[in-house]
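Trainee: Sharing coords11.csv, CSV, C-alpha atoms:
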chain,number,residue,atom,x,y,z
A,24,GLU,CA,14.4,-18.7,4.4
A,25,PRO,CA,11.9,-18.1,7.1
A,26,GLU,CA,8.3,-18.0,6.0
A,27,VAL,CA,4.8,-17.5,7.2
A,28,THR,CA,2.8,-20.7,7.2
A,29,GLN,CA,-1.0,-21.1,7.2
A,30,THR,CA,-3.3,-24.0,7.7
A,31,PRO,CA,-5.6,-25.2,6.3
A,32,SER,CA,-4.9,-24.4,2.7
A,33,HIS,CA,-8.6,-24.9,1.9
A,34,GLN,CA,-11.6,-25.3,4.2
A,35,VAL,CA,-15.2,-25.9,3.2
A,36,THR,CA,-17.9,-25.2,5.8
A,37,GLN,CA,-21.6,-24.8,6.2
A,38,MET,CA,-23.1,-21.4,6.8
A,39,GLY,CA,-23.4,-20.7,10.5
A,40,GLN,CA,-20.4,-22.9,11.5
A,41,GLU,CA,-17.4,-21.7,13.4
A,42,VAL,CA,-14.0,-21.7,11.5
A,43,ILE,CA,-10.5,-21.2,12.9
A,44,LEU,CA,-7.7,-20.3,10.5
A,45,ARG,CA,-4.2,-20.8,11.8
A,46,CYS,CA,-1.0,-19.0,11.1
A,47,VAL,CA,2.6,-19.4,12.2
A,48,PRO,CA,4.3,-16.0,11.6
A,49,ILE,CA,8.1,-15.7,11.2
A,50,SER,CA,9.6,-16.3,14.6
A,51,ASN,CA,11.2,-13.0,15.4
A,52,HIS,CA,8.3,-10.9,14.0
A,53,LEU,CA,6.3,-8.6,16.3
A,54,TYR,CA,3.4,-7.4,14.1
A,55,PHE,CA,0.8,-9.7,12.8
A,56,TYR,CA,-2.1,-9.1,10.4
A,57,TRP,CA,-5.0,-10.8,8.7
A,58,TYR,CA,-6.1,-9.8,5.3
A,59,ARG,CA,-8.8,-11.3,3.0
A,60,GLN,CA,-9.2,-11.3,-0.7
A,61,ILE,CA,-12.5,-12.2,-2.4
A,62,LEU,CA,-11.8,-13.8,-5.7
A,63,GLY,CA,-10.7,-11.3,-8.3
A,64,GLN,CA,-10.8,-8.4,-5.9
A,65,LYS,CA,-8.3,-6.4,-3.9
A,66,VAL,CA,-6.6,-7.5,-0.7
A,67,GLU,CA,-8.6,-6.1,2.2
A,68,PHE,CA,-7.2,-5.3,5.7
A,69,LEU,CA,-9.0,-7.1,8.6
A,70,VAL,CA,-6.9,-6.6,11.7
A,71,SER,CA,-3.5,-5.9,13.0
A,72,PHE,CA,-2.1,-7.3,16.3
A,73,TYR,CA,0.9,-6.2,18.3
A,74,ASN,CA,2.0,-6.8,21.9
A,75,ASN,CA,-0.8,-9.3,22.5
A,76,GLU,CA,-3.6,-7.0,21.5
A,77,ILE,CA,-5.5,-5.7,18.5
A,78,SER,CA,-3.9,-2.4,17.3
A,79,GLU,CA,-6.4,-1.7,14.5
A,80,LYS,CA,-9.4,-3.4,12.9
A,81,SER,CA,-11.5,-2.7,9.8
A,82,GLU,CA,-15.2,-2.4,9.5
A,83,ILE,CA,-15.2,-5.9,8.1
A,84,PHE,CA,-13.8,-7.2,11.4
A,85,ASP,CA,-17.1,-7.3,13.3
A,86,ASP,CA,-18.1,-9.2,16.4
A,87,GLN,CA,-18.1,-12.5,14.5
A,88,PHE,CA,-14.3,-12.2,14.1
A,89,SER,CA,-11.7,-12.7,16.7
A,90,VAL,CA,-7.9,-13.2,16.8
A,91,GLU,CA,-5.7,-14.8,19.3
A,92,ARG,CA,-2.1,-15.6,19.9
A,93,PRO,CA,-2.5,-18.5,22.2
A,94,ASP,CA,1.2,-19.3,22.5
A,95,GLY,CA,4.5,-17.9,21.3
A,96,SER,CA,4.1,-19.1,17.7
A,97,ASN,CA,0.5,-19.4,16.5
A,98,PHE,CA,-1.8,-16.6,15.4
A,99,THR,CA,-5.4,-17.5,14.8
A,100,LEU,CA,-8.4,-16.0,13.2
A,101,LYS,CA,-11.8,-17.3,14.3
A,102,ILE,CA,-15.1,-16.6,12.5
A,103,ARG,CA,-17.8,-17.5,15.0
A,104,SER,CA,-20.7,-18.0,12.6
A,105,THR,CA,-19.8,-18.0,9.0
A,106,LYS,CA,-21.8,-16.3,6.3
A,107,LEU,CA,-21.8,-16.9,2.6
A,108,GLU,CA,-20.0,-13.6,2.0
A,109,ASP,CA,-17.1,-14.8,4.2
A,110,SER,CA,-16.0,-17.0,1.3
A,111,ALA,CA,-12.6,-15.6,0.4
A,112,MET,CA,-8.9,-16.2,0.6
A,113,TYR,CA,-7.5,-15.3,4.0
A,114,PHE,CA,-3.9,-14.2,4.2
A,115,CYS,CA,-1.9,-13.9,7.4
A,116,ALA,CA,1.1,-11.6,7.3
A,117,SER,CA,3.8,-10.6,9.7
A,118,THR,CA,6.6,-8.1,10.0
A,119,TYR,CA,9.4,-7.3,12.5
A,120,GLY,CA,9.1,-3.6,12.8
A,121,SER,CA,6.7,-0.8,12.2
A,122,ASN,CA,9.0,1.2,10.1
A,123,THR,CA,8.6,-0.8,6.9
A,124,GLY,CA,6.4,-1.3,3.9
A,125,GLU,CA,7.2,-5.0,3.7
A,126,LEU,CA,4.8,-7.5,5.0
A,127,PHE,CA,5.6,-11.2,4.7
A,128,PHE,CA,2.4,-13.0,3.6
A,129,GLY,CA,1.5,-16.7,4.0
A,130,GLU,CA,0.1,-18.7,1.1
A,131,GLY,CA,-3.4,-18.2,2.3
A,132,SER,CA,-6.3,-20.2,3.5
A,133,ARG,CA,-9.2,-20.5,1.1
A,134,LEU,CA,-12.5,-20.5,2.9
A,135,THR,CA,-15.6,-21.7,1.1
A,136,VAL,CA,-18.9,-21.2,2.9
A,137,LEU,CA,-21.9,-23.2,1.5
B,25,GLY,CA,-9.8,6.7,5.4
B,26,GLN,CA,-7.6,5.7,2.5
B,27,SER,CA,-8.2,5.3,-1.2
B,28,LEU,CA,-5.9,4.3,-4.0
B,29,GLU,CA,-6.5,4.3,-7.7
B,30,GLN,CA,-4.6,2.2,-10.3
B,31,PRO,CA,-5.5,1.0,-13.8
B,32,SER,CA,-7.3,-2.3,-13.8
B,33,GLU,CA,-5.4,-4.0,-16.7
B,34,VAL,CA,-2.3,-3.5,-18.9
B,35,THR,CA,-1.2,-5.6,-21.8
B,36,ALA,CA,2.3,-5.5,-23.3
B,37,VAL,CA,4.7,-7.7,-25.2
B,38,GLU,CA,7.9,-9.4,-24.0
B,39,GLY,CA,10.8,-7.0,-23.7
B,40,ALA,CA,8.6,-4.0,-23.4
B,41,ILE,CA,8.3,-1.5,-20.6
B,42,VAL,CA,5.2,-1.0,-18.5
B,43,GLN,CA,4.4,1.8,-16.1
B,44,ILE,CA,1.7,1.2,-13.5
B,45,ASN,CA,0.5,4.5,-11.9
B,46,CYS,CA,-1.0,4.8,-8.5
B,47,THR,CA,-2.7,7.8,-6.9
B,48,TYR,CA,-3.7,7.8,-3.3
B,49,GLN,CA,-5.6,9.8,-0.7
B,50,THR,CA,-4.8,9.1,2.9
B,51,SER,CA,-4.1,10.7,6.2
B,52,GLY,CA,-0.9,9.9,8.1
B,53,PHE,CA,0.9,8.8,5.0
B,54,TYR,CA,4.3,7.1,5.6
B,55,GLY,CA,5.1,5.3,2.4
B,56,LEU,CA,4.0,3.5,-0.7
B,57,SER,CA,4.6,-0.2,-1.3
B,58,TRP,CA,4.3,-2.4,-4.4
B,59,TYR,CA,3.3,-6.1,-4.4
B,60,GLN,CA,3.1,-8.7,-7.0
B,61,GLN,CA,0.5,-11.5,-6.9
B,62,HIS,CA,0.3,-14.4,-9.3
B,63,ASP,CA,-3.0,-16.2,-9.7
B,64,GLY,CA,-3.7,-18.3,-6.6
B,65,GLY,CA,-0.6,-17.0,-4.8
B,66,ALA,CA,0.3,-14.8,-2.0
B,67,PRO,CA,1.2,-11.1,-2.4
B,68,THR,CA,5.0,-10.8,-2.5
B,69,PHE,CA,6.8,-7.6,-1.7
B,70,LEU,CA,8.5,-5.7,-4.6
B,71,SER,CA,9.5,-2.3,-3.3
B,72,TYR,CA,8.8,0.5,-0.8
B,73,ASN,CA,9.2,4.3,-1.2
B,74,ALA,CA,9.0,6.5,1.9
B,75,LEU,CA,10.8,9.5,0.3
B,76,ASP,CA,10.4,11.2,-3.1
B,77,GLY,CA,12.3,9.8,-5.9
B,78,LEU,CA,13.1,6.6,-7.8
B,79,GLU,CA,14.1,3.2,-6.2
B,80,GLU,CA,15.6,0.7,-8.5
B,81,THR,CA,15.6,-3.1,-7.9
B,82,GLY,CA,16.8,-5.0,-10.9
B,83,ARG,CA,14.2,-4.8,-13.7
B,84,PHE,CA,11.7,-3.1,-11.4
B,85,SER,CA,11.7,0.5,-10.3
B,86,SER,CA,9.3,2.4,-8.1
B,87,PHE,CA,8.8,6.2,-7.9
B,88,LEU,CA,7.1,8.4,-5.4
B,89,SER,CA,6.0,12.0,-5.4
B,90,ARG,CA,4.5,12.8,-1.9
B,91,SER,CA,3.4,16.3,-3.0
B,92,ASP,CA,1.4,14.8,-5.9
B,93,SER,CA,0.2,11.8,-3.9
B,94,TYR,CA,1.4,9.7,-6.8
B,95,GLY,CA,3.6,6.8,-7.4
B,96,TYR,CA,4.4,4.3,-10.2
B,97,LEU,CA,5.9,0.9,-10.7
B,98,LEU,CA,8.1,0.5,-13.8
B,99,LEU,CA,8.5,-3.0,-15.2
B,100,GLN,CA,11.4,-3.2,-17.7
B,101,GLU,CA,12.4,-5.9,-20.1
B,102,LEU,CA,9.1,-7.7,-19.5
B,103,GLN,CA,9.2,-11.4,-19.3
B,104,MET,CA,6.3,-13.9,-19.5
B,105,LYS,CA,6.7,-14.7,-15.8
B,106,ASP,CA,5.8,-11.0,-15.1
B,107,SER,CA,2.2,-11.7,-16.0
B,108,ALA,CA,0.5,-11.1,-12.6
B,109,SER,CA,-1.5,-8.6,-10.6
B,110,TYR,CA,0.4,-5.7,-9.2
B,111,PHE,CA,-0.9,-3.8,-6.1
B,112,CYS,CA,0.1,-0.5,-4.7
B,113,ALA,CA,-0.4,-0.2,-1.0
B,114,VAL,CA,-0.2,2.8,1.3
B,115,ARG,CA,1.4,2.6,4.7
B,116,ALA,CA,-0.2,4.7,7.4
B,117,ILE,CA,0.5,4.8,11.0
B,118,LYS,CA,-2.1,4.6,13.7
B,119,ALA,CA,-1.0,4.0,17.2
B,120,ALA,CA,1.1,0.8,17.3
B,121,GLY,CA,-0.2,-0.5,14.0
B,122,ASN,CA,1.4,-0.6,10.6
B,123,LYS,CA,-1.5,-1.2,8.4
B,124,LEU,CA,-1.1,-1.4,4.6
B,125,THR,CA,-4.1,-0.4,2.5
B,126,PHE,CA,-4.1,-2.0,-0.9
B,127,GLY,CA,-5.3,-0.6,-4.2
B,128,GLY,CA,-7.5,-2.6,-6.5
B,129,GLY,CA,-4.6,-4.1,-8.4
B,130,THR,CA,-3.4,-3.9,-12.0
B,131,ARG,CA,-3.5,-7.1,-14.0
B,132,VAL,CA,-0.5,-7.2,-16.3
B,133,LEU,CA,-0.7,-9.6,-19.3
B,134,VAL,CA,2.6,-10.2,-21.1
B,135,LYS,CA,2.2,-11.5,-24.6
B,136,PRO,CA,5.0,-13.2,-26.7
Kindly present the structure from the file in structure tokens form.
Mentor:
Amino acid sequence: EPEVTQTPSHQVTQMGQEVILRCVPISNHLYFYWYRQILGQKVEFLVSFYNNEISEKSEIFDDQFSVERPDGSNFTLKIRSTKLEDSAMYFCASTYGSNTGELFFGEGSRLTVL
Amino acid sequence: GQSLEQPSEVTAVEGAIVQINCTYQTSGFYGLSWYQQHDGGAPTFLSYNALDGLEETGRFSSFLSRSDSYGYLLLQELQMKDSASYFCAVRAIKAAGNKLTFGGGTRVLVKP
């Protein structure tokens, strides 16, 4: 069964460093998302991406964040200069159409900022 | 913006029935989804209601009342493996996006 894959599963970084989290969405999907979840808290929307551009972003997704789909398969989230409060689990998700409530989530990338 | 309210925790015994309520406030409402998340795992899709009424999928059912801005997830014949967090999520349309906004989650603890 097709699945969303994310790398790395866990990354530890120093405050102020740049981090890139990678995702390979399901191949025929057209809508891509990044969510984050601070330990024990709810899943928070960061950004949605469709047709090679951001379709919506949250207040969390400030100038330190960017997303890219550099080729036909990868979807990346970059944090330019990490802060302690960026420590969280980052989930990538994808879906084929807009007329659905089902997102397919990857297993997540745990980011720890020291 | 969107806001969703659901209970923080529910405890029940194996074989019991649990109902998790979710009330929401949003503009551009399209539907209500439910996701299950085990500790350390990814959210996995359970059900989606776009129209009023009950949707049944095996032991799990989901209900929506659009006029009341309310829905619930019903877990029947509880099993130990159902111990997890359950999130309701509102789907709202903005331009070409299809954002889901999640509630705070309900932690379900199933006891023997």
Trainee: Mind running chain B against chain A at 8 Å and telling me each contacting residue's nearest atom pair with the distance in Å (one decimal), counting all atoms listed in the file, chain and number ascending, as JSON lines?
Mentor:
{"residue": "B:Gly55", "atom": "CA", "partner": "A:Gly124", "partner_atom": "CA", "distance": 6.9}
{"residue": "B:Leu56", "atom": "CA", "partner": "A:Gly124", "partner_atom": "CA", "distance": 7.1}
{"residue": "B:Ser57", "atom": "CA", "partner": "A:Gly124", "partner_atom": "CA", "distance": 5.6}
{"residue": "B:Gly65", "atom": "CA", "partner": "A:Glu130", "partner_atom": "CA", "distance": 6.2}
{"residue": "B:Ala66", "atom": "CA", "partner": "A:Glu130", "partner_atom": "CA", "distance": 5.0}
{"residue": "B:Pro67", "atom": "CA", "partner": "A:Phe128", "partner_atom": "CA", "distance": 6.4}
{"residue": "B:Thr68", "atom": "CA", "partner": "A:Phe128", "partner_atom": "CA", "distance": 7.0}
{"residue": "B:Phe69", "atom": "CA", "partner": "A:Glu125", "partner_atom": "CA", "distance": 6.0}
{"residue": "B:Ser71", "atom": "CA", "partner": "A:Glu125", "partner_atom": "CA", "distance": 7.8}
{"residue": "B:Tyr72", "atom": "CA", "partner": "A:Gly124", "partner_atom": "CA", "distance": 5.6}
{"residue": "B:Arg115", "atom": "CA", "partner": "A:Gly124", "partner_atom": "CA", "distance": 6.4}
{"residue": "B:Lys118", "atom": "CA", "partner": "A:Glu79", "partner_atom": "CA", "distance": 7.7}
{"residue": "B:Ala119", "atom": "CA", "partner": "A:Ser78", "partner_atom": "CA", "distance": 7.0}
{"residue": "B:Ala120", "atom": "CA", "partner": "A:Ser78", "partner_atom": "CA", "distance": 5.9}
{"residue": "B:Gly121", "atom": "CA", "partner": "A:Ser78", "partner_atom": "CA", "distance": 5.3}
{"residue": "B:Asn122", "atom": "CA", "partner": "A:Ser121", "partner_atom": "CA", "distance": 5.5}
{"residue": "B:Lys123", "atom": "CA", "partner": "A:Ser71", "partner_atom": "CA", "distance": 6.9}
{"residue": "B:Leu124", "atom": "CA", "partner": "A:Phe68", "partner_atom": "CA", "distance": 7.3}
{"residue": "B:Thr125", "atom": "CA", "partner": "A:Phe68", "partner_atom": "CA", "distance": 6.6}
{"residue": "B:Phe126", "atom": "CA", "partner": "A:Val66", "partner_atom": "CA", "distance": 6.0}
{"residue": "B:Gly127", "atom": "CA", "partner": "A:Lys65", "partner_atom": "CA", "distance": 6.5}
{"residue": "B:Gly128", "atom": "CA", "partner": "A:Lys65", "partner_atom": "CA", "distance": 4.7}
{"residue": "B:Gly129", "atom": "CA", "partner": "A:Lys65", "partner_atom": "CA", "distance": 6.3}
Trainee: Go ahead and compute the interatomic distance for atom CA of B:Gln61 and atom CA of B:Ala108, in Å to one decimal.
Mentor: 5.7 Å
Trainee: Record the distance separating atom CA of B:Val34 and atom CA of B:Leu102, expressed in Å with one decimal.
Mentor: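 Computing it gives 12.2 Å between the two atoms.
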Trainee: Interatomic distance between atom CA of A:Thr30 and atom CA of A:Arg45?
Mentor: 5.3 Å
Trainee: When you look at stretch 41-43 of chain A with a cut-off of 9 Å (counting all atoms listed in the file), what residues show up, excluding the ones that are within fewer than 6 positions of it in the same chain? I need them as a ChimeraX atom specification.
Mentor: /A:34,99-105,134
Trainee: Env of B:Ser51: 8 Å cut, atoms = all atoms listed in the file, seq-sep filter 5 positions within chain, self excluded. Answer as a VMD selection string.
Mentor: chain B and resid 25 to 26 116
Trainee: Might you pull out every residue within 10 Å of B:Glu101, with only C-alpha atoms counted and same-chain residues fewer than 4 positions away left off, and present them as a PyMOL selection string?
Mentor: chain B and resi 37-42+83-84+106
Trainee: Could you save the residues just selected, with C-alpha atoms, as a compact mmCIF listing (two decimals), in the coordinates of the input?
Mentor:
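What follows is the written file result-v7.txt:
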# COMPACT_ATOMS: atom_id res chain seq x y z
CA VAL B 37 4.70 -7.70 -25.20
CA GLU B 38 7.90 -9.40 -24.00
CA GLY B 39 10.80 -7.00 -23.70
CA ALA B 40 8.60 -4.00 -23.40
CA ILE B 41 8.30 -1.50 -20.60
CA VAL B 42 5.20 -1.00 -18.50
CA ARG B 83 14.20 -4.80 -13.70
CA PHE B 84 11.70 -3.10 -11.40
CA ASP B 106 5.80 -11.00 -15.10
Trainee: So, counting all atoms listed in the file, which residue among B:Ala113, B:Ser93, B:Ser107, B:Gly64 is closest to A:Ala111?
Mentor: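 The shortest atom-to-atom distance to A:Ala111 comes from B:Gly64.
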Trainee: Return the single residue from A:Pro48, A:Pro31, A:Pro25, A:Gly39 that is closest to A:Asn97, with distances computed using all atoms listed in the file.
Mentor: A:Pro48
Trainee: Of the candidates A:Asp94, A:Glu24, A:Asp85, A:Asp109, which shows the shortest atom-to-atom distance to A:Thr36, using all atoms listed in the file?
Mentor: A:Asp109
